[in-house]
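Participant: For reference, this is input39.cif, and it has mmCIF, C-alpha atoms and all ligand atoms.
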data_input
#
loop_
_atom_site.group_PDB
_atom_site.id
_atom_site.type_symbol
_atom_site.label_atom_id
_atom_site.label_comp_id
_atom_site.auth_asym_id
_atom_site.auth_seq_id
_atom_site.Cartn_x
_atom_site.Cartn_y
_atom_site.Cartn_z
ATOM 1 C CA MET A 1 -160.473 69.435 51.980
ATOM 2 C CA GLU A 2 -159.161 65.918 52.324
ATOM 3 C CA ASN A 3 -159.453 66.106 56.101
ATOM 4 C CA LEU A 4 -163.045 67.183 55.904
ATOM 5 C CA LEU A 5 -163.891 64.394 53.471
ATOM 6 C CA SER A 6 -162.193 61.735 55.546
ATOM 7 C CA LYS A 7 -164.107 62.923 58.611
ATOM 8 C CA ILE A 8 -167.390 62.209 56.942
ATOM 9 C CA GLY A 9 -166.110 58.922 55.577
ATOM 10 C CA VAL A 10 -165.748 59.889 51.926
ATOM 11 C CA GLY A 11 -162.567 58.794 50.252
ATOM 12 C CA ARG A 12 -161.458 56.924 53.314
ATOM 13 C CA LYS A 13 -158.133 55.216 52.807
ATOM 14 C CA ASP A 14 -156.381 52.296 54.388
ATOM 15 C CA VAL A 15 -154.533 53.422 57.488
ATOM 16 C CA ILE A 16 -151.398 51.526 56.435
ATOM 17 C CA PRO A 17 -149.880 50.977 52.975
ATOM 18 C CA VAL A 18 -151.756 48.118 51.315
ATOM 19 C CA ASN A 19 -151.685 46.520 47.897
ATOM 20 C CA HIS A 20 -155.115 45.244 46.866
ATOM 21 C CA VAL A 21 -154.944 42.469 44.252
ATOM 22 C CA LYS A 22 -158.299 40.839 43.406
ATOM 23 C CA ASP A 23 -159.286 38.789 46.459
ATOM 24 C CA SER A 24 -155.996 39.294 48.229
ATOM 25 C CA LEU A 25 -154.147 42.117 49.762
ATOM 26 C CA TYR A 26 -150.548 42.552 50.628
ATOM 27 C CA VAL A 27 -149.049 44.331 53.577
ATOM 28 C CA TYR A 28 -145.369 44.613 54.385
ATOM 29 C CA VAL A 29 -143.995 44.182 57.870
ATOM 30 C CA LYS A 30 -140.530 44.929 59.144
ATOM 31 C CA CYS A 31 -139.113 42.679 61.841
ATOM 32 C CA LYS A 32 -137.907 44.769 64.748
ATOM 33 C CA LEU A 33 -135.111 42.317 65.587
ATOM 34 C CA CYS A 34 -133.412 41.871 62.211
ATOM 35 C CA ASN A 35 -135.092 44.575 60.069
ATOM 36 C CA GLU A 36 -136.092 42.073 57.410
ATOM 37 C CA ILE A 37 -139.134 43.290 55.479
ATOM 38 C CA ILE A 38 -141.604 40.453 54.966
ATOM 39 C CA PRO A 39 -144.409 40.565 52.393
ATOM 40 C CA VAL A 40 -147.645 39.196 53.846
ATOM 41 C CA ARG A 41 -150.395 37.949 51.556
ATOM 42 C CA ILE A 42 -153.853 38.012 53.063
ATOM 43 C CA SER A 43 -156.688 36.138 51.399
ATOM 44 C CA LEU A 44 -159.852 38.137 51.911
ATOM 45 C CA LYS A 45 -161.982 35.035 51.285
ATOM 46 C CA GLU A 46 -160.139 32.520 53.412
ATOM 47 C CA GLU A 47 -158.430 34.383 56.204
ATOM 48 C CA VAL A 48 -160.472 37.423 57.057
ATOM 49 C CA GLN A 49 -163.188 36.788 59.659
ATOM 50 C CA GLU A 50 -166.526 38.469 59.814
ATOM 51 C CA ASN A 51 -167.023 40.350 63.043
ATOM 52 C CA TYR A 52 -170.274 39.149 64.591
ATOM 53 C CA ASP A 53 -169.500 40.816 67.863
ATOM 54 C CA LYS A 54 -170.326 44.432 67.155
ATOM 55 C CA SER A 55 -171.737 44.950 70.634
ATOM 56 C CA LYS A 56 -168.277 45.370 72.140
ATOM 57 C CA GLU A 57 -165.733 48.037 71.402
ATOM 58 C CA LYS A 58 -164.998 46.489 68.045
ATOM 59 C CA SER A 59 -167.152 48.064 65.385
ATOM 60 C CA CYS A 60 -165.298 46.823 62.300
ATOM 61 C CA ALA A 61 -167.016 44.647 59.689
ATOM 62 C CA PHE A 62 -164.130 42.171 59.351
ATOM 63 C CA TYR A 63 -160.896 41.400 61.123
ATOM 64 C CA LEU A 64 -157.800 39.277 60.781
ATOM 65 C CA ARG A 65 -155.210 37.866 63.153
ATOM 66 C CA LYS A 66 -152.084 36.422 61.656
ATOM 67 C CA ASP A 67 -148.618 35.395 62.757
ATOM 68 C CA VAL A 68 -145.836 36.137 60.327
ATOM 69 C CA ALA A 69 -142.381 34.590 60.234
ATOM 70 C CA GLY A 70 -139.405 35.840 58.269
ATOM 71 C CA SER A 71 -137.592 33.926 55.556
ATOM 72 C CA GLY A 72 -134.917 32.731 57.967
ATOM 73 C CA ASN A 73 -132.236 34.249 55.744
ATOM 74 C CA ASN A 74 -131.183 36.487 58.611
ATOM 75 C CA ARG A 75 -131.123 33.557 61.042
ATOM 76 C CA CYS A 76 -133.921 35.319 62.845
ATOM 77 C CA PHE A 77 -136.946 33.275 63.753
ATOM 78 C CA ALA A 78 -138.952 35.924 65.495
ATOM 79 C CA ARG A 79 -142.675 35.856 64.919
ATOM 80 C CA ILE A 80 -144.616 38.994 64.237
ATOM 81 C CA SER A 81 -148.291 39.120 65.202
ATOM 82 C CA ILE A 82 -150.570 41.338 63.215
ATOM 83 C CA TYR A 83 -154.189 42.253 63.795
ATOM 84 C CA LEU A 84 -156.144 44.183 61.186
ATOM 85 C CA GLU A 85 -159.634 45.627 61.232
ATOM 86 C CA PHE A 86 -161.550 46.205 57.998
ATOM 87 C CA ASP A 87 -164.626 48.125 57.010
ATOM 88 C CA GLY A 88 -167.275 46.651 54.715
ATOM 89 C CA GLN A 89 -165.187 47.495 51.643
ATOM 90 C CA PHE A 90 -162.136 45.697 53.064
ATOM 91 C CA ARG A 91 -160.280 48.889 53.730
ATOM 92 C CA ILE A 92 -158.064 48.649 56.759
ATOM 93 C CA ILE A 93 -159.387 50.923 59.464
ATOM 94 C CA GLY A 94 -157.368 49.727 62.455
ATOM 95 C CA THR A 95 -154.142 47.853 63.111
ATOM 96 C CA GLN A 96 -152.062 46.338 65.861
ATOM 97 C CA ILE A 97 -148.665 44.752 65.478
ATOM 98 C CA ASN A 98 -146.263 43.039 67.865
ATOM 99 C CA GLY A 99 -142.644 42.444 67.004
ATOM 100 C CA GLY A 100 -142.415 44.738 64.023
ATOM 101 C CA SER A 101 -143.920 47.623 62.117
ATOM 102 C CA PHE A 102 -145.834 48.173 58.895
ATOM 103 C CA VAL A 103 -143.888 49.614 55.967
ATOM 104 C CA SER A 104 -144.707 50.481 52.363
ATOM 105 C CA GLU A 105 -144.254 48.321 49.303
ATOM 106 C CA ASP A 106 -141.598 50.775 48.142
ATOM 107 C CA GLU A 107 -139.574 50.132 51.278
ATOM 108 C CA TYR A 108 -139.922 46.410 50.700
ATOM 109 C CA LYS A 109 -138.699 46.710 47.096
ATOM 110 C CA ALA A 110 -135.795 48.915 48.158
ATOM 111 C CA SER A 111 -134.750 46.337 50.745
ATOM 112 C CA LYS A 112 -134.322 43.520 48.235
HETATM 113 ZN ZN ZN A 201 -136.352 39.057 62.201
#
What is this file in structure tokens?
Ligand SMILES: [Zn+2]

Facilitator:
Amino acid sequence: MENLLSKIGVGRKDVIPVNHVKDSLYVYVKCKLCNEIIPVRISLKEEVQENYDKSKEKSCAFYLRKDVAGSGNNRCFARISIYLEFDGQFRIIGTQINGGSFVSEDEYKASK
């Protein structure tokens, strides 16, 4: 039943674990070099761009590009690049990441 509903766009969920908090959302990325899990706060008002270019392959309503750096506690200064696509309700419908992977908030909490 859930598959059928998601096909017609009802009850669509974010494709990665996300914490929505008012005008912000949090995603958690794991550095592939040192395995540090970094919480990333995204301001929906200030950082997310409206996609005016719907003619191309991108059909999302909003998108975000962001570079993330770790705390430095692991003496790792790798940068992780994330790209997120959102629908009109700011649900994440597409992702790309370089230098790491997306993990859940639970994994982040367990890593502390
Ligand atoms: Zn790292």

Participant: Measuring atom to atom with all atoms listed in the file, identify which of A:Arg12, A:Arg79, A:Lys54, A:Arg65 is nearest to ligand ZN 201 (chain A).

Facilitator: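 Ranking A:Arg12, A:Arg79, A:Lys54, A:Arg65 by distance to ligand ZN 201 (chain A), first place goes to A:Arg79.
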
Participant: Would you kindly return, as an MDAnalysis selection string, each protein, DNA or RNA residue with an atom no farther than 12 Å from any atom of A:Lys22, considering only C-alpha atoms and excluding same-chain residues fewer than 5 positions away?

Facilitator: chainID A and resid 41:45 90

Participant: Using all atoms listed in the file, which of A:Arg75, A:Lys13, A:His20, A:Lys66 sits nearest ligand ZN 201 (chain A)?

Facilitator: A:Arg75

Participant: Determine, counting all atoms listed in the file, which protein, DNA and RNA residues have an atom within 6 Å of an atom of stretch 26-30 of chain A; residues of the same chain fewer than 3 positions away are not included. Present the result as an MDAnalysis selection string.

Facilitator: chainID A and resid 18:19 35:41 100:103

Participant: Between A:Asp87, A:Asp14, A:Asp23, A:Cys31, which is the closest to A:Ala69 once you count all atoms listed in the file?

Facilitator: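 For A:Ala69, the nearest of the given residues is A:Cys31.
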
Participant: Could you report the residues within 7 Å of ligand ZN 201 (chain A), using all atoms listed in the file, as a list in words?

Facilitator: Cys31, Lys32, Leu33, Cys34, Asn35, Glu36, Gly70, Asn74, Cys76, Phe77 and Ala78 of chain A

Participant: Quote the spacing between atom CA of A:Asp106 and atom CA of A:Leu25 in Å to one decimal place.

Facilitator: 15.3 Å

Participant: For stretch 94-104 of chain A, I'd like the enclosing box, axis-aligned and padded by 3 Å on every side, reported as lines of an AutoDock Vina configuration file with centre and edge lengths in Å to one decimal.

Facilitator:
center_x = -149.9
center_y = 46.5
center_z = 60.1
size_x = 21.0
size_y = 14.0
size_z = 21.5
